[in-house]
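Here the structure comes first, spelled out in C-alpha cells, and everything after it is commentary.
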Amino acid sequence: MFSSGLFTETFMVHAWMGGTMVAVLCALVGFFVVMRDSAFVAHTVPQAGFAGGAGAVFLNVNPLYGLSVFAVGGALLIGYLGTRERNDVATALILVAALGTGALFLGLTNKYATGAYALLFGQLVGVSSEQIVTTAILSLICLLALAFLYRPLLLASVSKEIAQSRGIPVRWVEMCFMVIVGLTAAITVPVVGALLCFSLLIGPTAVSILLTSSSEKVMALSLLFSVLTVWLSLILGYYSGWPIGFFVSIIGAILYLAARSIKLFRYKTRALFPHHAR
Amino acid sequence: MTRLGELLFAPGFFQSAEVTRALLLGSMVAAISGLMGVFVVIRGQAFIAHALADFGGAGAAVAFLVRINPVWGFLTFGVLAATGVEFLGKRAGERDLSTGIVLSVALGVESLFLYLDTHYTGHAGAPMLILFGSIFLVAPFTVPIIMALTVTTGVTLDLIYRPLLLSSIDPELARIRGVPVQAMSLIFVILLSLVVEEGSLMMGALLSISLLIGPAAAATHLTHRMGWAMLWSALLGITAMWMGIVLAYDSFYWPPAGRGWPVSFFICVLVLLFYLLARLSSQRSQVKVRVARKCDA
Amino acid sequence: MMDWAAGKDDPVLALDNISVQFDKRCVLKNVNIRVYPGEFIGLIGSNGAGKSTLLKVILGLLSPTQGTVQVGGPADGKGERLMGYVPQKLFLAPDIPLRGRDLVALGLDGHRWGIPLFSKERKRRVSEILEAVDAARYADAPVGQLSGGEQQRLLIAQALLTDPQILLLDEPLSNLDIKSAYEVIQLVSRIGREKGIAVILVAHDMNPLLGVMDRVVYLADGKALMGQIPDVFRSDVLSDLYGYPVEVLNVQGRIMVVGGRNFENNGYPREAICCESNEVL
C-alpha cells in the first residue's frame with residue numbers, strides 16, 4: 001500500500017520520530033494553553049522563535065538553538081508583560097518586530113527562499129540528524145517539567161487566589177510554563193512551521209473539549225488527534241511534496257468541523273429525548 | 001552640507017524612480033493606515049486586521065500562481081474575508097477557539113499556494129515578497145490604483161467620521177440616536193480590508209499590522225483627543241515609512257554588501273520604538289498625578 | 001490535625017495590632033482579631049474599608065507593616081495548610097475542560113508537585129465531600145457552565161478537602177441571588193458547626209448573616225471592631241469608629257447603618273443617604 005521509502009528513508013525516519021515527539025508534546029502543552037485561555041501566546045511565541053531560527057540559518061548554526069533562545073525569550077517577555085497589565089498591543093508590536101528581524105536574516109542569507117519556506121510553513125526534512133537528538137532531549141525535559149508542574153499549574157489556571165492561598169509560588173509556576181511553551185514551539189517550528197505551530201497547539205484540544213469535559217479524557221483524546229494529524233500530514237506530505245503545515249491546518253479544521261457536528265447531533269437527540277439529559 | 005547629505009542619503013537616492021515611487025506610495029499608505037488605525041484601536045479590532053492580512057496573503061499567492069499582479073489577489077481575498085468576518089464572525093468572540101481554527105486554515109491555504117508558486121511559476125522569491133513585502137518592487141501601474149483606493153477610503157472615513165466614532169464608543173447610544181450601527185460596522189471592516197491590503201503590498205502580509213496599530217497605539221498614549229490622535233498617528237506612520245525607506249536604500253552599502261535590508265524590517269522596529277517612547281512619556285505624566293494624589297491620604 | 005475541642009480556649013487565629021501601610025496611606029490601623037474553633041465570624045465592611053487587605057494578611061499573602069499573625073495553635077507551623085480559602089468568583093470560560101469533580105480534587109492535592117496517581121481513597125474523599133455540600137448532582141458537568149451558586153458549593157467543597165481549621169470565604173454572596181445566598185450561608189454554618197471549623201465570611205451587608213453569626217468584625221476606614229452583634233451595632237460605637245456621626249437603625253429585625261444626623265435638613269430624614277449599610281459615607 002505504501003511505497004517502501006515512506007518508512008525507510010533516513011529523512012523519513014527522522015520525520016516520523018521528530019513528528020511524533022512534537023505531536024505528543026503539543027497535545028499536552030496545548031491542553032494547558034487552552035485551559036489558561038492563552039491562544040494568543042501559542043500564536044505569537046512560535047513567530048518569535050522564527051526570528052531566532054532565521055538568525056541561526058544566517059550564522060550557520062543549528063537552527064534549534066536560535067529557535068529555542070528566541071521562543072523562550074519571547075514567551076518570558078509575554079509572561080512578564082502580561083502580568084503587569086493586559087497589553088496586547090505591546091506584545092503584538094514586539095512580535096511583529098521579531099518577524100521583521102527574521103525576514104531581515106532570511107534576506108541576508110543566500111538560500112533565503114527555501115529557508116523562509118521551511119521555517120514558516122514546515123518541511124518534511126525539517127528535522128536533520130543533528131537535530132533529532134536535541135529534539136528528543138528538549139521534549140523529554142518539557143514532558144518531565146509538565147508532569148512535575150501538573151497539579152499546581154492546573155490549580156493556578158483555575159484560580160490564582162486559591163493557588164496563592166495554598167502556598168504555591170504562582171508566578172514561578174507560570175514562568176516555568178512559559179519556558180515550556182517556548183521550548184515546545186522551538187522543536188515544533190522545524191516540522192510544522194512557525195505560522196502553523198499554533199494550529200497543532202490549539203487544534204487537538206479544541207476538538208477534544210467539544211467531545212468530553214473531563215480533563216483526563218480531553219488530554220487522552222487530544223494526544224490521539226494530535227498524533228493522528230501529524231502522521232497523516234507526514235504521509236500526505238511525502239507523496240505530494242506539499243508543505244506539512246498546510247496538511248496540519250486542514251486536518252485540524254476537518255476534525256474540528258466533525259466534532260462540532262457530533263456535538264450538534266448529540267444536542268439535538270438530547271432535545272428529542274429529554275430524560276437522557278445530564 | 002552636501003557631505004552630510006551624502007552620509008544620510010546614499011548616492012542616487014533622489015534620482016531613482018523606484019525610490020520616488022516608494023516614497024509616494026509609502027506616504028499614502030502610512031497616512032491612511034494611521035487614520036484607520038486609531039479606529040481599529042478604539043474598536044479593539046487588531047486581531048481582525050491581522051486575520052484580514054493573512055487572508056489577503058493567501059489571495060496574493062493565488063494571484064502569483066495564475067500570473068496576475070498580487071495586488072488583485074490581496075484586494076479580492078481581503079474584501080471577501082472582510083464581508084465574511086462581518087456576517088459570520090458576529091457570534092464568535094475573539095477568544096473563541098473557532099476563530100483560531102479559521103485563521104489557521106487561511107494560513108494553511110496561503111502556505112500551499114506559496115509552495116505551488118515556488119514550484120510551478122519559478123518565482124523563488126514569492127514567499128518573501130508576499131509575506132514580508134518589498135516596497136521597491138511595486139509595479140508602476142499599481143500607483144494609480146493605490147492612489148484611488150487611498151482617496152476613496154479617506155473620503156469615506158471623513159463622511160462617516162462622527163457616526164462611526166459614536167458607534168465605536170457606544171453602540172447602544174448610537175442605535176438610539178438612529179445611527180445604522182450594523183452598516184457602519186460593515187463599511188468600516190471593508191475599508192479596513194482595503195487599507196490592510198494596501199499595507200500588505202508594501203510591508204508584506206505578516207508585517208502590515210505593525211503600520212496599522214503601532215502609530216495609532218502610540219498616538220493614543222500621546223493625546224486623548226480624537227483629532228489629534230489621528231494626526232499624530234498619521235505623522236508617526238509617515239515618519240517611520242520615510243526613515244525606513246532611507247535606511248533600506250542606504251543599507252545596500254552595509255554588510256553583507258550588495259544585499260539591501262528589507263524596508264519592512266526597519267519600519268517594524270521604528271514603529272515599536274515610537275510606541276515604547278510614547279508609552280514611556282505618558283507613564284511619566286501619570287506618575288506626576290499619582291504623587292499629587294498620594295499626599296491627601 | 002490538633003483536636004479543636006481540647007484547645008477551646010486557644011484561638012485558631014490571632015491577629016495582634018496589625019497595621020498595613022502602602023506608600024504613605026494607612027490601609028489597616030491596629031487591628032486585633034481573635035477567632036476560636038467552630039465560630040462563625042462575619043467580616044463586614046464597605047468597599048475600600050480594607051477587607052481585601054485584611055484577607056491577604058490572614059492568608060499570609062501580605063506581611064503587615066506592624067503586628068503579628070498567628071494561625072492555629074502556637075505549635076502549628078504551616079499556616080496556609082490550616083486555612084481553606086474560597087475565592088469570590090471563578091473566571092472560567094464555559095468550554096474549559098474541567099469537571100466539578102476535578103476542581104474539588106484539586107483541593108486535596110492541588111499544591112503537590114507531580115501528576116496525581118490514581119487512588120480509591122482520593123476518589124472516595126472527593127465523592128464524600130461532594131455529598132456533604134450537596135453538589136454530587138452536577139459534579140460531572142463542566143465547571144464553566146454551572147451557575148454562581150453551584151460553583152460556590154464546589155469551591156467550598158474544594159476548600160474543605162484541605163482539612164482546614166478555618167474556612168475563609170471572600171464575598172461569597174455578592175454574585176448570588178437571595179435564595180442561593182441563603183443556601184450557601186446555611187451550608188457553611190452547618191458544616192462549620194459539625195466539623196468544628198471556624199468560618200470567616202466576608203460580606204458588605206450583615207443582614208443575611210444575622211441568624212448564623214456568632215460574632216462580627218466591622219471594618220471602617222482601616223479600623224476594626226470585634227464583638228457580639230448588639231455590642232458592635234450601636235450608634236455611639238460605630239460613630240466612634242467612623243469618626244463621623246452615624247445611626248444604627250433596627251427595621252423589622254434588620255440592621256441598617258445610616259450616615260449623618262440631619263442637622264442641615266431641619267430634622268427631615270435625608271433619604272439620599274439612608275440605604276444599605278454598604279453605602280454609608
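Here, A, B, ... name the chains of the C-alpha cells in the order displayed, residue numbers run from 1 inside each chain, and ligands are numbered from 1 in the same displayed order.
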
Non-local contacts of Arg234 in chain C (12 Å; only C-alpha atoms; under 6 positions in same chain excluded) as JSON, numbers by chain: {"C": [218, 225, 227, 228, 240, 241, 245, 246, 247, 248, 249, 250, 255, 256, 257, 258]}

Compute the chain C side of the contact with chain A at 6 Å, counting only C-alpha atoms, and hand it back as number ranges by chain. C: 59, 80, 96-99, 110-111, 113-115, 142

Quote the spacing between CA of Met83 in chain C and CA of Leu160 in chain C in Å to one decimal place.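 These two atoms are separated by 9.0 Å.
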
Extract the full set of alpha helix (DSSP H) residues from range 20-268 of chain C according to DSSP on the backbone, and format it as a count of residues only. 75

Contact set, chain C to chain B: 9 Å, only C-alpha atoms, as a PyMOL selection string: chain C and resi 23-26

Go through A:Leu224, A:Ala27, A:Leu99, A:Ile137 one by one, measure the shortest atom-to-atom distance of each to chain B using only C-alpha atoms, and give the residue with the smallest value.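 Among the listed residues, the smallest separation from chain B belongs to A:Leu99.
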
Using only C-alpha atoms, find the residues of chain A whose closest atom to chain B is at most 9 Å away, then write them as a PyMOL selection string. chain A and resi 34+37-40+43+89-90+92-94+96-108+112-114+116-117+120-121+195-196+198-199+202-203+206+242-243+245-250+252-253+256

Please measure the separation of CA of Pro87 in chain C and CA of Thr53 in chain C, giving the value in Å to one decimal.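 Rounded to one decimal, the two atoms are 14.0 Å apart.
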